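Shown next: work36.cif, given as mmCIF, C-alpha atoms.
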```
data_work
loop_
_atom_site.label_atom_id
_atom_site.label_comp_id
_atom_site.auth_asym_id
_atom_site.auth_seq_id
_atom_site.Cartn_x
_atom_site.Cartn_y
_atom_site.Cartn_z
CA MET A 1 -0.64 -7.31 5.60
CA ILE A 2 1.12 -6.30 8.82
CA ARG A 3 3.07 -9.59 8.91
CA THR A 4 4.22 -9.06 5.33
CA LEU A 5 5.13 -5.47 6.16
CA LEU A 6 7.23 -6.56 9.14
CA ARG A 7 8.98 -9.22 7.04
CA VAL A 8 9.79 -6.69 4.31
CA LEU A 9 11.10 -4.13 6.78
CA GLY A 10 13.31 -6.60 8.63
CA HIS A 11 14.12 -6.77 12.33
CA ASP A 12 15.77 -3.34 12.44
CA HIS A 13 12.65 -1.44 11.37
CA ALA A 14 9.86 -3.65 12.77
CA ARG A 15 9.78 -2.06 16.25
CA PRO A 16 8.47 1.40 15.10
CA VAL A 17 5.65 -0.31 13.19
CA ARG A 18 4.60 -2.36 16.22
CA ARG A 19 4.64 0.75 18.39
CA THR A 20 2.57 2.66 15.83
CA VAL A 21 -0.04 -0.13 15.55
CA ALA A 22 -0.27 -0.33 19.35
CA LEU A 23 -0.87 3.43 19.62
CA MET A 24 -3.51 3.36 16.88
CA THR A 25 -5.32 0.47 18.57
CA ALA A 26 -5.22 2.20 21.95
CA ALA A 27 -6.64 5.39 20.42
CA ALA A 28 -9.48 3.48 18.74
CA VAL A 29 -10.35 1.56 21.94
CA ALA A 30 -10.25 4.74 24.03
CA GLU A 31 -12.58 6.47 21.60
CA GLY A 32 -15.08 3.63 21.78
CA LEU A 33 -14.96 3.45 25.58
CA SER A 34 -15.46 7.19 25.92
CA TYR A 35 -18.98 6.84 24.54
CA ALA A 36 -19.94 4.89 27.65
CA LEU A 37 -20.07 8.24 29.46
CA LEU A 38 -22.92 9.39 27.21
CA VAL A 39 -25.53 7.35 29.10
CA PRO A 40 -25.11 8.99 32.54
CA LEU A 41 -24.46 12.35 30.90
CA LEU A 42 -27.71 12.29 28.93
CA ARG A 43 -29.62 10.93 31.91
CA ALA A 44 -28.49 13.89 33.99
CA LEU A 45 -29.22 16.40 31.22
CA LEU A 46 -32.71 15.02 30.60
CA GLY A 47 -33.49 14.64 34.31
CA GLY A 48 -35.02 17.08 36.74
CA ASP A 49 -31.78 18.98 37.53
CA PRO A 50 -29.48 19.48 34.51
CA GLY A 51 -26.80 20.79 36.86
CA ASP A 52 -26.11 17.20 37.93
CA ALA A 53 -24.53 16.64 34.50
CA ARG A 54 -21.49 18.80 35.28
CA PRO A 55 -19.30 15.98 36.70
CA TRP A 56 -20.17 13.70 33.81
CA LEU A 57 -19.56 16.51 31.33
CA ALA A 58 -16.11 17.09 32.85
CA ALA A 59 -15.38 13.36 32.70
CA PHE A 60 -16.47 13.22 29.06
CA ALA A 61 -14.28 16.25 28.24
CA ALA A 62 -11.31 14.54 29.90
CA ALA A 63 -11.99 11.38 27.88
CA VAL A 64 -12.14 13.41 24.67
CA ALA A 65 -8.83 15.08 25.55
CA LEU A 66 -7.27 11.67 26.21
CA CYS A 67 -8.54 10.34 22.88
CA ALA A 68 -7.20 13.41 21.08
CA ALA A 69 -3.79 12.97 22.71
CA LEU A 70 -3.64 9.29 21.77
CA ARG A 71 -4.79 10.04 18.23
CA TYR A 72 -2.16 12.74 17.83
CA ALA A 73 0.57 10.45 19.15
CA ALA A 74 -0.55 7.63 16.84
CA ASP A 75 -0.71 9.83 13.74
CA LEU A 76 2.64 11.44 14.51
CA SER A 77 4.22 8.03 15.07
CA GLY A 78 2.73 6.80 11.79
CA PHE A 79 4.10 9.71 9.77
CA ARG A 80 7.52 9.48 11.37
CA ALA A 81 7.69 5.72 10.92
CA GLY A 82 6.54 5.97 7.30
CA THR A 83 9.16 8.60 6.45
CA ALA A 84 12.00 6.75 8.16
CA LEU A 85 11.02 3.34 6.79
CA LEU A 86 10.64 4.69 3.25
CA ARG A 87 14.28 5.70 3.25
CA GLY A 88 15.34 2.40 4.84
CA VAL A 89 13.39 0.27 2.37
CA TYR A 90 14.85 2.18 -0.58
CA HIS A 91 18.35 1.49 0.73
CA ARG A 92 17.56 -2.16 1.37
CA LEU A 93 15.98 -2.63 -2.06
CA GLY A 94 18.89 -0.90 -3.81
CA ASP A 95 21.48 -2.99 -1.97
CA HIS A 96 19.61 -6.19 -2.79
CA LEU A 97 19.15 -5.31 -6.47
CA ALA A 98 22.89 -4.68 -6.74
CA ARG A 99 23.58 -8.21 -5.47
CA LEU A 100 21.19 -10.03 -7.81
CA PRO A 101 22.65 -11.86 -10.81
CA ILE A 102 22.66 -10.12 -14.17
CA GLY A 103 20.54 -12.87 -15.71
CA TRP A 104 17.71 -12.06 -13.31
CA TYR A 105 17.09 -8.75 -15.11
CA THR A 106 14.99 -10.02 -17.98
CA PRO A 107 13.13 -7.50 -20.18
CA ALA A 108 9.90 -8.29 -18.32
CA ARG A 109 11.50 -7.57 -14.96
CA VAL A 110 12.81 -4.18 -16.09
CA GLY A 111 9.28 -2.77 -16.10
CA GLU A 112 8.41 -4.62 -12.88
CA VAL A 113 11.41 -3.19 -11.02
CA SER A 114 10.70 0.27 -12.41
CA VAL A 115 7.12 0.22 -11.11
CA LEU A 116 8.19 -1.38 -7.81
CA ALA A 117 11.00 1.08 -7.10
CA GLY A 118 8.78 4.05 -7.91
CA ARG A 119 5.09 3.76 -7.14
CA GLY A 120 5.35 0.39 -5.40
CA VAL A 121 7.64 1.29 -2.50
CA LEU A 122 5.97 4.68 -2.04
CA GLY A 123 2.50 3.15 -1.95
CA ALA A 124 3.53 0.36 0.42
CA MET A 125 5.24 2.66 2.90
CA SER A 126 2.52 5.33 2.74
CA ALA A 127 0.13 2.71 4.10
CA ILE A 128 1.75 3.16 7.51
CA ALA A 129 1.10 6.90 7.55
CA HIS A 130 -2.24 7.14 5.73
CA LEU A 131 -4.04 3.79 5.79
CA LEU A 132 -3.30 2.01 9.07
CA ALA A 133 -4.92 4.60 11.33
CA PRO A 134 -8.32 4.79 9.54
CA PHE A 135 -8.34 1.03 8.98
CA VAL A 136 -7.67 0.24 12.65
CA SER A 137 -10.25 2.85 13.68
CA ALA A 138 -12.86 1.45 11.27
CA CYS A 139 -12.37 -2.06 12.69
CA VAL A 140 -11.70 -1.51 16.40
CA THR A 141 -13.92 1.48 17.26
CA PRO A 142 -17.25 -0.09 16.11
CA LEU A 143 -16.42 -3.32 17.97
CA THR A 144 -15.68 -1.32 21.14
CA ILE A 145 -18.92 0.61 20.74
CA ILE A 146 -20.84 -2.67 20.39
CA ALA A 147 -19.20 -3.86 23.63
CA VAL A 148 -20.39 -0.64 25.32
CA MET A 149 -23.90 -1.22 24.01
CA LEU A 150 -23.84 -4.79 25.33
CA ALA A 151 -22.85 -3.46 28.73
CA PHE A 152 -25.77 -1.04 29.25
CA ASP A 153 -28.41 -2.88 27.16
CA PRO A 154 -27.77 -6.48 25.96
CA ARG A 155 -30.72 -6.47 23.57
CA MET A 156 -29.46 -3.48 21.61
CA GLY A 157 -25.93 -4.80 21.77
CA LEU A 158 -26.95 -8.19 20.35
CA ALA A 159 -28.88 -6.49 17.57
CA ALA A 160 -25.80 -4.49 16.62
CA LEU A 161 -23.56 -7.55 17.02
CA ALA A 162 -25.65 -9.42 14.44
CA ALA A 163 -24.39 -7.04 11.76
CA VAL A 164 -20.71 -7.94 12.37
CA PRO A 165 -20.70 -11.23 10.41
CA VAL A 166 -22.65 -9.59 7.59
CA VAL A 167 -20.10 -6.78 7.24
CA ALA A 168 -17.22 -9.27 7.51
CA ALA A 169 -18.76 -11.51 4.82
CA ILE A 170 -19.22 -8.54 2.48
CA GLN A 171 -15.59 -7.49 2.98
CA ILE A 172 -14.28 -11.02 2.36
CA ARG A 173 -16.46 -11.42 -0.73
CA THR A 174 -15.35 -8.05 -2.09
CA GLY A 175 -11.70 -8.86 -1.44
CA ARG A 176 -11.94 -12.13 -3.34
CA ALA A 177 -13.81 -10.52 -6.22
CA THR A 178 -11.30 -7.71 -6.63
CA ALA A 179 -8.18 -9.86 -6.12
CA ALA A 180 -8.22 -11.17 -9.69
CA ALA A 181 -8.91 -7.70 -11.11
CA ASP A 182 -6.07 -6.20 -9.05
CA ALA A 183 -3.64 -8.92 -10.20
CA GLU A 184 -4.62 -8.34 -13.84
CA ARG A 185 -4.20 -4.58 -13.50
CA ASP A 186 -0.77 -5.00 -11.93
CA ALA A 187 0.30 -7.32 -14.74
CA ARG A 188 -0.95 -4.82 -17.34
CA ASP A 189 0.88 -1.99 -15.56
CA ARG A 190 4.17 -3.91 -15.65
CA ASP A 191 3.70 -4.83 -19.31
CA ALA A 192 2.86 -1.25 -20.25
CA THR A 193 5.88 0.06 -18.35
CA GLY A 194 8.12 -2.38 -20.19
CA ARG A 195 6.66 -1.29 -23.54
CA VAL A 196 7.20 2.38 -22.71
CA ILE A 197 10.82 1.71 -21.71
CA GLU A 198 11.33 -0.27 -24.92
CA TYR A 199 9.86 2.58 -26.96
CA LEU A 200 12.10 5.15 -25.27
CA GLN A 201 15.20 3.02 -25.75
CA ALA A 202 14.40 2.70 -29.46
CA GLN A 203 14.16 6.48 -29.97
CA PRO A 204 17.59 6.81 -31.68
CA VAL A 205 16.64 4.19 -34.28
CA LEU A 206 13.12 5.57 -34.76
CA ARG A 207 14.33 9.13 -35.19
CA ALA A 208 17.06 8.08 -37.58
CA GLY A 209 14.43 6.33 -39.69
CA GLY A 210 11.89 9.15 -39.46
CA ARG A 211 9.26 6.96 -37.76
CA THR A 212 8.54 8.98 -34.61
CA THR A 213 5.07 10.01 -35.83
CA GLU A 214 3.90 6.45 -36.45
CA ARG A 215 1.66 4.48 -34.05
CA PHE A 216 3.08 1.27 -32.61
CA ARG A 217 0.58 -1.50 -32.05
CA LEU A 218 2.28 -3.24 -29.10
CA LEU A 219 2.55 -0.03 -27.11
CA ASP A 220 -0.99 1.08 -27.94
CA ASP A 221 -2.43 -2.32 -27.04
CA SER A 222 -0.64 -2.39 -23.68
CA LEU A 223 -1.99 1.07 -22.79
CA ARG A 224 -5.52 0.05 -23.80
CA ASP A 225 -5.21 -3.06 -21.62
CA VAL A 226 -4.27 -0.86 -18.66
CA ARG A 227 -7.39 1.24 -19.20
CA ARG A 228 -9.65 -1.81 -19.46
CA ALA A 229 -8.09 -3.45 -16.39
CA SER A 230 -8.60 -0.27 -14.35
CA ARG A 231 -12.25 -0.15 -15.41
CA ARG A 232 -12.77 -3.79 -14.42
CA THR A 233 -11.20 -3.11 -11.01
CA VAL A 234 -13.67 -0.32 -10.34
CA LEU A 235 -16.64 -2.42 -11.48
CA SER A 236 -15.58 -5.40 -9.36
CA ALA A 237 -15.49 -3.23 -6.22
CA LEU A 238 -18.91 -1.65 -6.88
CA PRO A 239 -21.09 -4.55 -5.55
CA GLY A 240 -19.13 -4.60 -2.29
CA THR A 241 -19.51 -0.85 -1.81
CA VAL A 242 -23.26 -0.96 -2.45
CA GLY A 243 -23.73 -4.07 -0.31
CA LEU A 244 -21.84 -2.54 2.60
CA ALA A 245 -23.91 0.64 2.43
CA VAL A 246 -27.14 -1.39 2.40
CA ALA A 247 -26.00 -3.52 5.35
CA VAL A 248 -25.01 -0.50 7.45
CA GLN A 249 -28.26 1.29 6.65
CA ALA A 250 -30.25 -1.83 7.55
CA MET A 251 -28.37 -2.12 10.87
CA PHE A 252 -29.12 1.50 11.71
CA THR A 253 -32.82 1.04 10.82
CA VAL A 254 -33.12 -2.10 12.97
CA LEU A 255 -31.53 -0.37 15.95
CA LEU A 256 -33.83 2.62 15.49
CA ILE A 257 -36.95 0.43 15.37
CA LEU A 258 -35.83 -1.69 18.32
CA GLY A 259 -34.95 1.37 20.38
CA ALA A 260 -38.33 2.96 19.68
CA TYR A 261 -40.12 -0.28 20.63
CA LEU A 262 -38.22 -0.60 23.91
CA ALA A 263 -38.74 3.07 24.74
CA LEU A 264 -42.50 2.92 24.06
CA GLY A 265 -42.74 -0.22 26.16
CA GLY A 266 -41.01 1.48 29.06
CA HIS A 267 -38.01 -0.86 29.08
CA ILE A 268 -35.46 1.91 28.49
CA GLY A 269 -35.53 5.67 28.87
CA ALA A 270 -35.09 8.52 26.44
CA ALA A 271 -31.41 8.91 27.38
CA GLU A 272 -30.68 5.31 26.39
CA VAL A 273 -32.50 5.68 23.06
CA LEU A 274 -30.63 8.88 22.23
CA THR A 275 -27.33 7.22 23.19
CA ILE A 276 -28.10 4.25 20.96
CA LEU A 277 -28.77 6.53 18.00
CA VAL A 278 -25.52 8.42 18.60
CA LEU A 279 -23.53 5.19 18.89
CA ALA A 280 -25.17 3.69 15.82
CA ALA A 281 -24.37 6.80 13.79
CA ARG A 282 -20.78 6.71 15.06
CA CYS A 283 -20.47 3.06 13.99
CA ALA A 284 -21.91 3.74 10.54
CA ASP A 285 -19.38 6.39 9.55
CA PRO A 286 -16.20 4.24 9.72
CA LEU A 287 -18.00 1.19 8.38
CA LEU A 288 -19.10 3.04 5.26
CA SER A 289 -15.50 4.07 4.59
CA LEU A 290 -14.28 0.50 5.17
CA SER A 291 -14.76 -0.53 1.52
CA HIS A 292 -12.65 2.35 0.22
CA ILE A 293 -9.96 1.81 2.85
CA GLY A 294 -10.05 -1.94 2.19
CA GLY A 295 -9.36 -1.38 -1.51
CA GLN A 296 -6.35 0.78 -0.70
CA ILE A 297 -5.14 -1.79 1.84
CA ARG A 298 -5.37 -4.54 -0.77
CA GLY A 299 -3.34 -2.43 -3.19
CA ALA A 300 -0.66 -1.81 -0.57
CA ARG A 301 -0.65 -5.50 0.35
CA SER A 302 -0.07 -6.54 -3.28
CA GLU A 303 2.82 -4.08 -3.54
CA LEU A 304 4.28 -5.49 -0.33
CA ALA A 305 3.94 -9.04 -1.68
CA ARG A 306 5.87 -8.13 -4.85
CA LEU A 307 8.49 -6.28 -2.82
CA ASP A 308 8.82 -9.26 -0.52
CA ALA A 309 9.23 -11.60 -3.51
CA VAL A 310 12.09 -9.47 -4.86
CA LEU A 311 13.81 -9.21 -1.48
CA ARG A 312 13.55 -12.98 -0.96
CA THR A 313 15.29 -13.72 -4.27
CA GLU A 314 18.64 -15.35 -3.57
CA PRO A 315 21.53 -13.02 -4.47
CA LEU A 316 24.90 -14.07 -5.80
CA PRO A 317 27.11 -15.79 -3.21
CA GLU A 318 29.76 -13.53 -1.74
CA PRO A 319 33.04 -14.71 -0.19
CA ALA A 320 33.46 -14.26 3.55
CA ASP A 321 36.92 -12.73 3.02
CA PRO A 322 36.86 -10.98 -0.37
CA ALA A 323 40.15 -10.28 -2.06
CA PRO A 324 41.13 -6.63 -2.47
CA PRO A 325 40.30 -5.19 -5.90
CA ARG A 326 43.11 -5.15 -8.42
CA HIS A 327 43.42 -2.87 -11.41
CA HIS A 328 45.24 -3.83 -14.56
CA GLY A 329 45.97 -1.96 -17.71
CA LEU A 330 44.98 -3.21 -21.15
CA ARG A 331 46.85 -2.74 -24.42
CA PHE A 332 46.33 -3.87 -28.03
CA GLU A 333 48.87 -3.54 -30.81
CA SER A 334 48.15 -4.12 -34.50
CA VAL A 335 44.92 -6.05 -33.96
CA THR A 336 43.11 -7.42 -37.04
CA PHE A 337 39.40 -8.27 -36.99
CA GLY A 338 37.53 -10.01 -39.79
CA HIS A 339 33.95 -11.02 -40.45
CA GLY A 340 33.72 -14.04 -42.70
CA GLU A 341 36.08 -13.50 -45.59
CA ARG A 342 36.17 -9.74 -45.14
CA THR A 343 38.61 -7.83 -42.98
CA VAL A 344 36.87 -5.14 -40.96
CA LEU A 345 39.73 -3.73 -38.88
CA ASP A 346 43.42 -3.99 -39.59
CA GLY A 347 46.30 -2.71 -37.50
CA LEU A 348 44.23 -1.37 -34.56
CA SER A 349 46.28 -0.22 -31.56
CA LEU A 350 44.71 1.03 -28.33
CA ALA A 351 45.50 1.19 -24.63
CA VAL A 352 43.47 1.32 -21.42
CA PRO A 353 45.80 2.46 -18.62
CA GLU A 354 45.09 1.39 -15.05
CA GLY A 355 42.26 3.48 -13.65
CA ARG A 356 41.80 5.41 -16.92
CA ARG A 357 39.31 5.45 -19.74
CA LEU A 358 39.73 3.98 -23.19
CA ALA A 359 42.25 5.90 -25.28
CA VAL A 360 43.22 5.14 -28.88
CA VAL A 361 47.01 5.39 -29.26
CA GLY A 362 47.38 4.32 -32.85
CA ALA A 363 45.89 5.71 -36.04
CA SER A 364 46.67 2.73 -38.19
CA ALA A 365 43.17 1.24 -38.00
CA ARG A 366 41.28 1.28 -41.26
CA ALA A 367 37.96 -0.25 -42.26
CA ARG A 368 38.11 -2.71 -45.12
CA ALA A 369 34.36 -3.18 -45.39
CA PRO A 370 31.29 -2.16 -43.38
CA CYS A 371 30.34 -4.78 -40.82
CA CYS A 372 26.64 -4.50 -41.49
CA SER A 373 26.67 -4.58 -45.28
#
```
Represent the structure from my file as C-alpha cells, please.
Amino acid sequence: MIRTLLRVLGHDHARPVRRTVALMTAAAVAEGLSYALLVPLLRALLGGDPGDARPWLAAFAAAVALCAALRYAADLSGFRAGTALLRGVYHRLGDHLARLPIGWYTPARVGEVSVLAGRGVLGAMSAIAHLLAPFVSACVTPLTIIAVMLAFDPRMGLAALAAVPVVAAIQIRTGRATAAADAERDARDRDATGRVIEYLQAQPVLRAGGRTTERFRLLDDSLRDVRRASRRTVLSALPGTVGLAVAVQAMFTVLLILGAYLALGGHIGAAEVLTILVLAARCADPLLSLSHIGGQIRGARSELARLDAVLRTEPLPEPADPAPPRHHGLRFESVTFGHGERTVLDGLSLAVPEGRRLAVVGASARARAPCCS
C-alpha cells in the first residue's frame, strides 16, 4: 500500500510520507525495546532491597518519555502530512481530470469519479493520519517484544515466535477472502452512485410528468445490492476476526503454562515470569486490533488503486508551444431550419459578440411546427 501511496502522491509529496513512516517505525521499536528494562526492574523490586530498583525505575521512566516524544512526533507528522497531501492530491486529481478526453467520461465513470473525488480521496489520505501509526505499531511492536523475550529467555521467545506464522497466515487468508467482497461492494457503490445521479438529473422530466412519488426499479435494485454487498463484506471478515482472537488467546495460554513450568522447575525466577506475562499481554492488545486495522487498510488500498488507475490514464496531447487563445464573434442572419418536410425556424437572426453571451438581435424567427410532434 505504501508503494501505491507514494506513486499516487508523486515525487513532490513522497518525502513527508517516508519521514512519517520512519518516525512511526522508530516509535514502535523504541516502545518494544523499553520493555527490556522490566526484567532488572522487577528483579530489584522483588529482591531483598527494593531501593535498588531506583536506577532502573529512572531508566524506565526515561525510556517511556522517549517513546512518548517519538509517538507525539510521529502522530503530529502523520496529521500534518495527511492534511497537506489531501490538498495536493485534490489539486492533482482535478488537473488530471481536466486534461482527460471528453469520451472518457462515460455514464459509468460519472459515478466512479464522484465516489473517488469525495469519499475515495478522503479515505485514502486519512490512512496516513489515522491508520499507518496503529498498523505499524501492531506489526513492529510485537516483533520487537519477541526479540526482547528471545534475548533474556530463548525458550519463551521461541514459543512466542511460533505464533508469528499463524497470525500472518490468518491475516493473508482473511485478506484474500475479503478482497472479492470488497471489490463487489465498490462496484455496487459506483453503480448506485450513477443511478442516484441519473435520478437527480431526470427530476425536471419526472416532476413535469407527476411521477416523483413512484418507485424506480433500477435505483431500488442498486441500493439493495449495496446493502447485500456490505453484509457479505462483514460476514467474510468474521472468520478472520474470530481466528485471530483464538490464535492470540492460545499464544497467551501457552506462554502462561510454559512460564509456570519453568518457574516451578527453578529455571527462571518470579521476575521473569511476571515480565513474560506483561509482555504477552502487551503483544495481545495490538494483535487483536490487527484484523480491524487490516480491513481499513485494505479499503484505503483499494481506493488508492482506483485513484492510481485514474491518474495513470493518458490525457490528451498538449502542444509544447500552445498558440494564444483567439476570440471571434458569431452572427446569423435570416437562418431557416427544417425537419423533414416541415420548416421549424424561419428568418432567425442572432449574434454572439466576442467575449459576450448569446443575444438575439432579430425578432423575425417564427415556429412553423413543433419539432417534437
Quick one: apply the PyMOL selection byres ((chain A and resi 336) around 10) to the file and drop the selected residues here as a PyMOL selection string. chain A and resi 333-335+337-338+343-349+365-366
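The environment of segment 193-197 of chain A within 12 Å, counting only C-alpha atoms and disregarding residues fewer than 5 places along the same chain, consists of Thr106, Pro107, Ala108, Arg109, Val110, Gly111, Glu112, Val113, Ser114, Val115, Leu116, Gly118, Arg119, Asp186, Ala187, Arg188, Ala202, Gln203, Phe216, Arg217, Leu218, Leu219, Asp220, Asp221, Ser222, Leu223, Asp225 and Val226 of chain A.
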Could you list as a count of residues only every residue that has an atom within 9 Å of (-23.7, 10.6, 29.7), using the file's coordinates and counting only C-alpha atoms? 17
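One finds atom CA of Ser302 of chain A at 14.0 Å from atom CA of Ala117 of chain A.
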Residues near Gln171 of chain A, anyone? I mean within 9 Å using only C-alpha atoms, not counting same-chain ones fewer than 2 positions away, as a PyMOL selection string. chain A and resi 166-169+173-176+240+244+290-291+294
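Atom pair atom CA of Ala138 of chain A / atom CA of Leu287 of chain A: separated by 5.9 Å.
Remark: for Ala73 of chain A, the closest of the candidate residues A:Arg54, A:Arg19, A:Arg298, A:Arg312 is A:Arg19 (distances computed over only C-alpha atoms).
When only C-alpha atoms are used to measure the gap to Ala22 of chain A, the shortest distance among A:Val254, A:Ala69, A:Ala133, A:Val64 belongs to A:Ala133.
Proximity ranking of A:Gly329, A:Pro286, A:Gly47, A:Pro315 relative to Pro134 of chain A places A:Pro286 first, based on all atoms listed in the file.
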Residue neighbourhood Ala229 of chain A, 7 Å, only C-alpha atoms, exclusion window fewer than 3 positions, as number ranges by chain: A: 181, 184-185, 225-226, 232-233
Written as a list in words, which residues does the PyMOL selection byres ((chain A and resi 330) around 9) give for the file shown? His328, Gly329, Arg331, Phe332, Leu350, Ala351, Val352, Pro353 and Glu354 of chain A
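When all atoms listed in the file are used to compute distances to Gln296 of chain A, the closest of the residues A:Ala30, A:Ala147, A:Ala237, A:Leu100 turns out to be A:Ala237.
The smallest atom-to-atom distance between Arg231 of chain A and any of A:Tyr105, A:Thr178, A:Ala98, A:Pro317, using only C-alpha atoms, is found for A:Thr178.
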If I take atom CA of Asp191 of chain A and atom CA of Arg224 of chain A, how far is one from the other in Å, to one decimal? 11.4 Å
On this structure, the PyMOL selection byres ((chain A and resi 246) around 12) would catch which residues? List them as a ChimeraX atom specification, sorted by chain and number. /A:163,166-167,170,239-245,247-253,284,287-288
List the neighbours of Arg155 of chain A out to 10 Å using all atoms listed in the file; skip same-chain residues closer than 5 positions along the sequence, and give me the result as a PyMOL selection string. chain A and resi 149-150+160-161+255+258-259+262
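Among the candidates A:Ala74, A:Thr313, A:Asp321, A:Asp52, the one nearest to Arg99 of chain A when counting all atoms listed in the file is A:Thr313.
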